[in-house]
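> Sharing query-v4.txt, compact mmCIF, C-alpha atoms and all ligand atoms:
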```
# COMPACT_ATOMS: atom_id res chain seq x y z
CA MET A 7 118.02 71.82 157.19
CA LYS A 8 118.09 73.98 154.13
CA GLY A 9 119.78 72.65 151.04
CA PRO A 10 122.68 74.33 149.31
CA HIS A 11 121.98 77.55 147.47
CA ILE A 12 121.75 76.78 143.78
CA MET A 13 121.90 79.59 141.27
CA SER A 14 121.20 78.97 137.64
CA ARG A 15 121.37 81.69 134.99
CA ALA A 16 119.80 82.12 131.56
CA LEU A 17 120.59 84.63 128.85
CA ILE A 18 117.49 86.07 127.16
CA LEU A 19 118.13 87.63 123.74
CA VAL A 20 115.18 89.88 122.98
CA ASP A 21 114.06 90.33 119.36
CA VAL A 22 117.49 90.56 117.68
CA GLN A 23 115.74 90.37 114.32
CA LYS A 24 116.59 91.91 110.94
CA ASP A 25 113.61 94.28 110.83
CA PHE A 26 114.86 95.98 114.02
CA CYS A 27 118.29 96.57 112.48
CA PRO A 28 119.52 98.99 109.79
CA GLY A 29 117.87 98.08 106.48
CA GLY A 30 114.82 96.69 108.28
CA THR A 31 111.36 98.21 108.39
CA LEU A 32 111.61 99.30 112.05
CA ALA A 33 115.35 99.81 112.36
CA THR A 34 117.16 100.92 115.50
CA ALA A 35 120.39 102.85 114.92
CA ARG A 36 122.50 100.44 116.99
CA GLY A 37 120.82 97.19 115.88
CA ASP A 38 123.72 95.84 113.83
CA GLU A 39 126.25 96.87 116.45
CA VAL A 40 124.28 95.16 119.23
CA ALA A 41 123.82 92.01 117.14
CA GLY A 42 127.58 91.87 116.49
CA LEU A 43 128.40 92.39 120.16
CA LEU A 44 125.91 89.73 121.24
CA GLY A 45 127.21 87.24 118.67
CA ALA A 46 130.75 87.72 119.98
CA PHE A 47 129.48 87.49 123.57
CA GLN A 48 127.77 84.16 122.81
CA LEU A 49 131.15 82.75 121.73
CA SER A 50 133.23 84.32 124.52
CA HIS A 51 130.94 83.60 127.51
CA PRO A 52 129.37 80.15 127.02
CA GLN A 53 130.13 79.13 130.62
CA ASP A 54 128.17 82.05 132.09
CA PHE A 55 124.81 80.56 131.18
CA ASP A 56 122.94 77.36 131.91
CA ALA A 57 120.54 78.22 129.09
CA VAL A 58 120.34 80.70 126.23
CA VAL A 59 116.97 81.61 124.76
CA ALA A 60 115.81 84.08 122.12
CA THR A 61 112.49 85.83 121.70
CA GLN A 62 111.06 86.81 118.31
CA ASP A 63 108.39 89.33 117.44
CA TRP A 64 106.28 87.17 115.09
CA HIS A 65 103.30 88.92 113.57
CA ILE A 66 100.55 87.31 111.51
CA ASP A 67 97.64 89.73 111.97
CA PRO A 68 98.45 91.91 114.99
CA GLY A 69 95.61 94.40 114.47
CA SER A 70 96.37 98.01 115.39
CA HIS A 71 100.02 97.14 116.16
CA PHE A 72 100.54 97.75 112.43
CA SER A 73 99.58 101.07 110.85
CA ASP A 74 100.11 102.97 107.60
CA SER A 75 100.44 106.09 109.78
CA PRO A 76 102.27 104.73 112.83
CA ASP A 77 102.76 106.80 116.00
CA PHE A 78 105.85 104.77 117.01
CA VAL A 79 104.37 104.31 120.50
CA ASP A 80 101.38 102.00 120.05
CA SER A 81 101.42 101.52 116.29
CA TRP A 82 104.26 100.70 113.97
CA PRO A 83 105.16 100.12 110.33
CA VAL A 84 104.73 96.52 109.22
CA HIS A 85 107.60 94.51 110.77
CA CYS A 86 108.58 90.97 111.73
CA VAL A 87 105.89 89.28 109.67
CA ALA A 88 105.88 85.56 110.51
CA ASP A 89 108.31 83.57 108.33
CA SER A 90 109.50 86.68 106.45
CA ASP A 91 113.19 87.55 106.08
CA GLY A 92 112.70 90.57 108.36
CA ALA A 93 111.52 88.30 111.18
CA ALA A 94 114.68 86.17 110.97
CA MET A 95 117.39 86.52 113.57
CA HIS A 96 120.25 88.88 112.67
CA GLU A 97 122.99 86.91 110.88
CA LYS A 98 125.54 87.76 113.58
CA ILE A 99 123.56 85.79 116.17
CA HIS A 100 124.68 82.19 116.56
CA THR A 101 121.32 80.48 116.34
CA ASP A 102 122.97 77.06 116.79
CA ARG A 103 123.85 78.20 120.31
CA ILE A 104 120.27 79.09 121.27
CA ASP A 105 118.43 76.43 123.24
CA GLU A 106 114.91 77.58 122.39
CA PHE A 107 113.06 80.33 120.52
CA PHE A 108 109.95 81.99 121.95
CA ARG A 109 107.61 83.70 119.49
CA LYS A 110 104.99 86.30 120.40
CA GLY A 111 102.62 88.81 118.89
CA GLN A 112 100.93 86.60 116.29
CA TYR A 113 97.48 88.22 116.63
CA SER A 114 98.06 91.28 118.85
CA ALA A 115 100.87 93.44 120.16
CA ALA A 116 103.14 91.53 122.56
CA TYR A 117 106.12 93.46 123.85
CA SER A 118 107.22 91.07 126.60
CA GLY A 119 109.13 87.91 125.78
CA PHE A 120 107.10 86.32 128.59
CA GLU A 121 104.11 86.45 126.23
CA GLY A 122 106.07 84.14 123.95
CA THR A 123 105.81 80.37 123.65
CA ALA A 124 108.43 77.86 122.54
CA VAL A 125 108.66 77.04 118.84
CA SER A 126 109.18 73.34 119.57
CA ASP A 127 106.25 72.67 121.92
CA ASP A 128 104.46 75.95 122.77
CA THR A 129 105.72 76.06 126.39
CA PRO A 130 105.43 79.58 127.86
CA LEU A 131 108.81 81.17 128.60
CA VAL A 132 108.32 81.29 132.37
CA ASP A 133 107.44 77.57 132.52
CA TRP A 134 110.46 76.69 130.36
CA LEU A 135 112.80 78.60 132.67
CA HIS A 136 111.25 77.14 135.84
CA ALA A 137 111.52 73.60 134.43
CA ARG A 138 115.28 74.14 134.14
CA GLY A 139 115.69 75.63 137.61
CA ILE A 140 116.63 79.08 136.31
CA THR A 141 116.78 81.67 139.11
CA ASP A 142 118.66 84.49 137.41
CA VAL A 143 118.37 86.02 133.95
CA ASP A 144 120.55 88.37 131.93
CA ILE A 145 118.54 90.32 129.35
CA ALA A 146 119.76 92.12 126.21
CA GLY A 147 118.53 92.99 122.73
CA ILE A 148 116.05 95.22 120.93
CA ALA A 149 114.31 97.51 121.62
CA THR A 150 115.40 98.88 124.98
CA ASP A 151 112.37 101.18 125.22
CA HIS A 152 109.81 98.50 124.29
CA CYS A 153 110.44 94.76 124.30
CA VAL A 154 113.56 94.77 126.50
CA LYS A 155 111.74 96.89 129.05
CA ALA A 156 108.57 94.77 129.03
CA THR A 157 110.55 91.52 129.22
CA THR A 158 112.64 92.82 132.12
CA LEU A 159 109.62 94.03 134.11
CA ASP A 160 107.87 90.67 133.59
CA ALA A 161 111.02 88.75 134.61
CA LEU A 162 111.12 90.73 137.87
CA LYS A 163 107.40 90.12 138.47
CA ALA A 164 107.99 86.40 137.95
CA GLY A 165 110.62 86.49 140.70
CA PHE A 166 113.85 86.15 138.72
CA ARG A 167 116.94 88.07 139.70
CA VAL A 168 117.49 90.26 136.63
CA ARG A 169 120.50 91.97 135.10
CA VAL A 170 120.19 94.08 131.95
CA LEU A 171 123.28 94.10 129.74
CA THR A 172 122.86 97.75 128.78
CA GLY A 173 125.73 97.87 126.27
CA PHE A 174 124.02 95.07 124.37
CA CYS A 175 120.66 96.86 124.04
CA ALA A 176 119.48 99.07 121.18
CA ALA A 177 116.72 101.66 121.56
CA VAL A 178 114.20 102.99 119.04
CA ASP A 179 114.85 106.40 120.60
CA THR A 180 117.82 107.14 122.88
CA LYS A 181 115.81 109.36 125.22
CA THR A 182 113.00 106.87 125.81
CA GLY A 183 115.63 104.12 125.91
CA ASP A 184 117.47 105.81 128.78
CA ARG A 185 114.18 106.43 130.59
CA ALA A 186 113.29 102.76 130.16
CA LEU A 187 116.60 101.70 131.72
CA GLU A 188 115.84 103.91 134.73
CA GLU A 189 112.42 102.30 135.03
CA MET A 190 113.94 98.81 134.92
CA HIS A 191 116.45 99.77 137.61
CA THR A 192 113.73 101.25 139.82
CA ALA A 193 111.74 98.03 139.43
CA GLY A 194 114.70 96.02 140.71
CA ALA A 195 116.89 95.14 137.74
CA GLU A 196 120.64 95.46 138.02
CA LEU A 197 122.07 97.47 135.11
CA LEU A 198 125.40 96.17 133.81
C1 LIG B 201 109.08 95.97 119.32
C2 LIG B 201 107.93 97.77 118.48
C3 LIG B 201 107.01 96.92 117.91
C4 LIG B 201 110.26 95.46 120.08
C5 LIG B 201 108.15 95.12 118.76
O1 LIG B 201 110.70 94.31 119.82
O2 LIG B 201 110.78 96.23 120.93
N1 LIG B 201 108.94 97.29 119.18
N2 LIG B 201 107.13 95.60 118.05
ZN ZN B 202 105.90 94.20 116.91
```
Starting from the file, lay out its structure as structure tokens.
Ligand code: VGL
Ligand code: ZN

Amino acid sequence: MKGPHIMSRALILVDVQKDFCPGGTLATARGDEVAGLLGAFQLSHPQDFDAVVATQDWHIDPGSHFSDSPDFVDSWPVHCVADSDGAAMHEKIHTDRIDEFFRKGQYSAAYSGFEGTAVSDDTPLVDWLHARGITDVDIAGIATDHCVKATTLDALKAGFRVRVLTGFCAAVDTKTGDRALEEMHTAGAELL
């Protein structure tokens, strides 16, 4: 006989870092707003999640990901340099309520949080989630058109049921952000 259906949900906060917010080197217009909303959501919805994780863009020498003449598609101004203030989480995020941080992009571009490994012991994100029996993930953060999209598509490929909290996502560009949301929906994500 089959056992009972167990559902276990994680919240994945994607790259809610200072450099992606107003005043940062690669700011999104809604970065501060999204960070504030997510911080409030962390406090108001603790029971919704069996785990809360955060990803961080964490560049040491990411090659052509950085450029003095960025095209804002494949190359970018210097941002989220490892251990710099710009790589820190936005101050509105309650870091004491995050179970683990996953850093990515040290030596090359890495848009998906699933390229990240845990700060405490280097465990890849997918292994960390599987070890905790996570079946479902809610995804939010920055940037909708890049790292949120890549993280969502990888979560679907890994077999998680995925919801994107669209009101809690900030895009580099609203047009490509909206197109990215469509792509995520087509790939199987539920848009909330
Ligand atoms: C990101 C551009 C460059 C992101 C990271 O977090 O969406 N975007 N590096
Ligand atoms: Zn980056």
> Report the distance between CA of Thr180 in chain A and CA of Ile148 in chain A in Å, rounded to one decimal place.
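According to the coordinates, CA of Thr180 in chain A and CA of Ile148 in chain A are separated by 12.2 Å.
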> List every residue of chain A that has an atom at most 8 Å from any atom of ligand ZN 202 (chain B), and for each one report the closest atom pair and its distance in Å to one decimal, counting all atoms listed in the file, with rows sorted by chain and then by increasing residue number, as JSON lines.

```
{"residue": "A:Asp63", "atom": "CA", "partner": "B:ZN202", "partner_atom": "ZN", "distance": 5.5}
{"residue": "A:Trp64", "atom": "CA", "partner": "B:ZN202", "partner_atom": "ZN", "distance": 7.3}
{"residue": "A:His65", "atom": "CA", "partner": "B:ZN202", "partner_atom": "ZN", "distance": 6.8}
{"residue": "A:His71", "atom": "CA", "partner": "B:ZN202", "partner_atom": "ZN", "distance": 6.6}
{"residue": "A:Phe72", "atom": "CA", "partner": "B:ZN202", "partner_atom": "ZN", "distance": 7.8}
{"residue": "A:Trp82", "atom": "CA", "partner": "B:ZN202", "partner_atom": "ZN", "distance": 7.3}
{"residue": "A:His85", "atom": "CA", "partner": "B:ZN202", "partner_atom": "ZN", "distance": 6.4}
{"residue": "A:Cys86", "atom": "CA", "partner": "B:ZN202", "partner_atom": "ZN", "distance": 6.7}
{"residue": "A:Gly111", "atom": "CA", "partner": "B:ZN202", "partner_atom": "ZN", "distance": 6.6}
{"residue": "A:Ala115", "atom": "CA", "partner": "B:ZN202", "partner_atom": "ZN", "distance": 6.0}
{"residue": "A:Ala116", "atom": "CA", "partner": "B:ZN202", "partner_atom": "ZN", "distance": 6.8}
{"residue": "A:Tyr117", "atom": "CA", "partner": "B:ZN202", "partner_atom": "ZN", "distance": 7.0}
```
> Give me, please, the distance in Å between CA of Val154 in chain A and CA of Ile66 in chain A, quoted to one decimal.
21.2 Å
> Restricting the calculation to all atoms listed in the file: of A:Ala88, A:Leu131, A:Ala176, A:Ala57, which residue gets closest to Asp38 in chain A?
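Under the stated criterion, the closest residue is A:Ala176.
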> Counting only C-alpha atoms, which residue out of A:Thr150, A:Asp128, A:Phe166, A:Leu17 sits closest to His51 in chain A?
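That would be A:Leu17, the residue with the smallest distance to His51 in chain A.
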> With distances taken over all atoms listed in the file, which residue among A:Ala164, A:Leu171, A:Met95, A:Leu32 lies nearest ligand LIG 201 (chain B)?
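Of A:Ala164, A:Leu171, A:Met95, A:Leu32, the one nearest ligand LIG 201 (chain B), counting all atoms listed in the file, is A:Leu32.
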> I'd like a table as a tab-separated table: residues in range 143-163 of chain A with an atom no more than 9 Å from range 119-123 of chain A, each row giving the shortest atom pair and its distance in Å to one decimal, all atoms listed in the file counted, sorted by chain and rising residue number.

```
residue	atom	partner	partner_atom	distance
A:Cys153	CA	A:Gly119	CA	7.1
A:Val154	CA	A:Gly119	CA	8.2
A:Ala156	CA	A:Gly119	CA	7.6
A:Thr157	CA	A:Gly119	CA	5.2
A:Thr158	CA	A:Gly119	CA	8.8
A:Asp160	CA	A:Phe120	CA	6.7
A:Ala161	CA	A:Phe120	CA	7.6
```
> Give me, as CSV, each residue of range 127-178 of chain A that comes within 6 Å of range 18-24 of chain A, together with its shortest interatomic pair and the distance in Å at one decimal, counting all atoms listed in the file, with rows ordered by chain and rising residue number.

```
residue,atom,partner,partner_atom,distance
A:Ile145,CA,A:Ile18,CA,4.9
A:Ala146,CA,A:Leu19,CA,5.4
A:Gly147,CA,A:Val20,CA,4.6
A:Ile148,CA,A:Asp21,CA,5.5
```
> Suppose you want the space between CA of Val84 in chain A and CA of Phe108 in chain A; what is it in Å?
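Rounded to one decimal, the two atoms are 20.0 Å apart.
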> If we count all atoms listed in the file, what is near Trp134 in chain A at a cut-off of 10 Å, once residues fewer than 4 positions away on the same chain are taken out, given as a compact mmCIF listing (two decimals) with C-alpha atoms, keeping the file's coordinate frame?

```txt
# COMPACT_ATOMS: atom_id res chain seq x y z
CA VAL A 59 116.97 81.61 124.76
CA GLU A 106 114.91 77.58 122.39
CA PHE A 108 109.95 81.99 121.95
CA THR A 123 105.81 80.37 123.65
CA ALA A 124 108.43 77.86 122.54
CA ASP A 128 104.46 75.95 122.77
CA THR A 129 105.72 76.06 126.39
CA PRO A 130 105.43 79.58 127.86
CA ARG A 138 115.28 74.14 134.14
CA GLY A 139 115.69 75.63 137.61
CA ILE A 140 116.63 79.08 136.31
```
> I'd like to know which of A:Arg169, A:Arg15, A:Arg185, A:His152 is closest to Thr34 in chain A, using all atoms listed in the file.
A:His152
> Using all atoms listed in the file, pick whichever of A:Pro52, A:Gly30, A:Pro83, A:Gly194 has the shortest atom-to-atom distance to ligand LIG 201 (chain B).
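Of A:Pro52, A:Gly30, A:Pro83, A:Gly194, the one nearest ligand LIG 201 (chain B) is A:Pro83, counting all atoms listed in the file.
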> What's the 9 Å shell around Lys155 in chain A, counting all atoms listed in the file, without same-chain residues fewer than 5 positions away, as a list of chain:residue names?
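Returned residues: A:Tyr117, A:Ser118, A:Ala149, A:Thr150, A:Asp160, A:Gly183, A:Ala186, A:Leu187, A:Glu189, A:Met190.
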> What lies within 7 Å of Gly37 in chain A using all atoms listed in the file, ignoring chain neighbours under 6 positions off, as a list of chain:residue names?
A:Phe26, A:Cys27, A:Pro28, A:Ala176
> Assuming 3 Å of padding per side, give the centre and edge lengths of the axis-aligned box around every listed atom of ligand LIG 201 (chain B), in Å to one decimal and as AutoDock Vina command-line options.

```
--center_x 108.9 --center_y 96.0 --center_z 119.4 --size_x 9.8 --size_y 9.5 --size_z 9.0
```
> Counting only C-alpha atoms, which of A:Phe47, A:Asp105, A:Asp184, A:Val143 gets nearest to Ser126 in chain A?
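Among A:Phe47, A:Asp105, A:Asp184, A:Val143, it is A:Asp105 that comes nearest to Ser126 in chain A.
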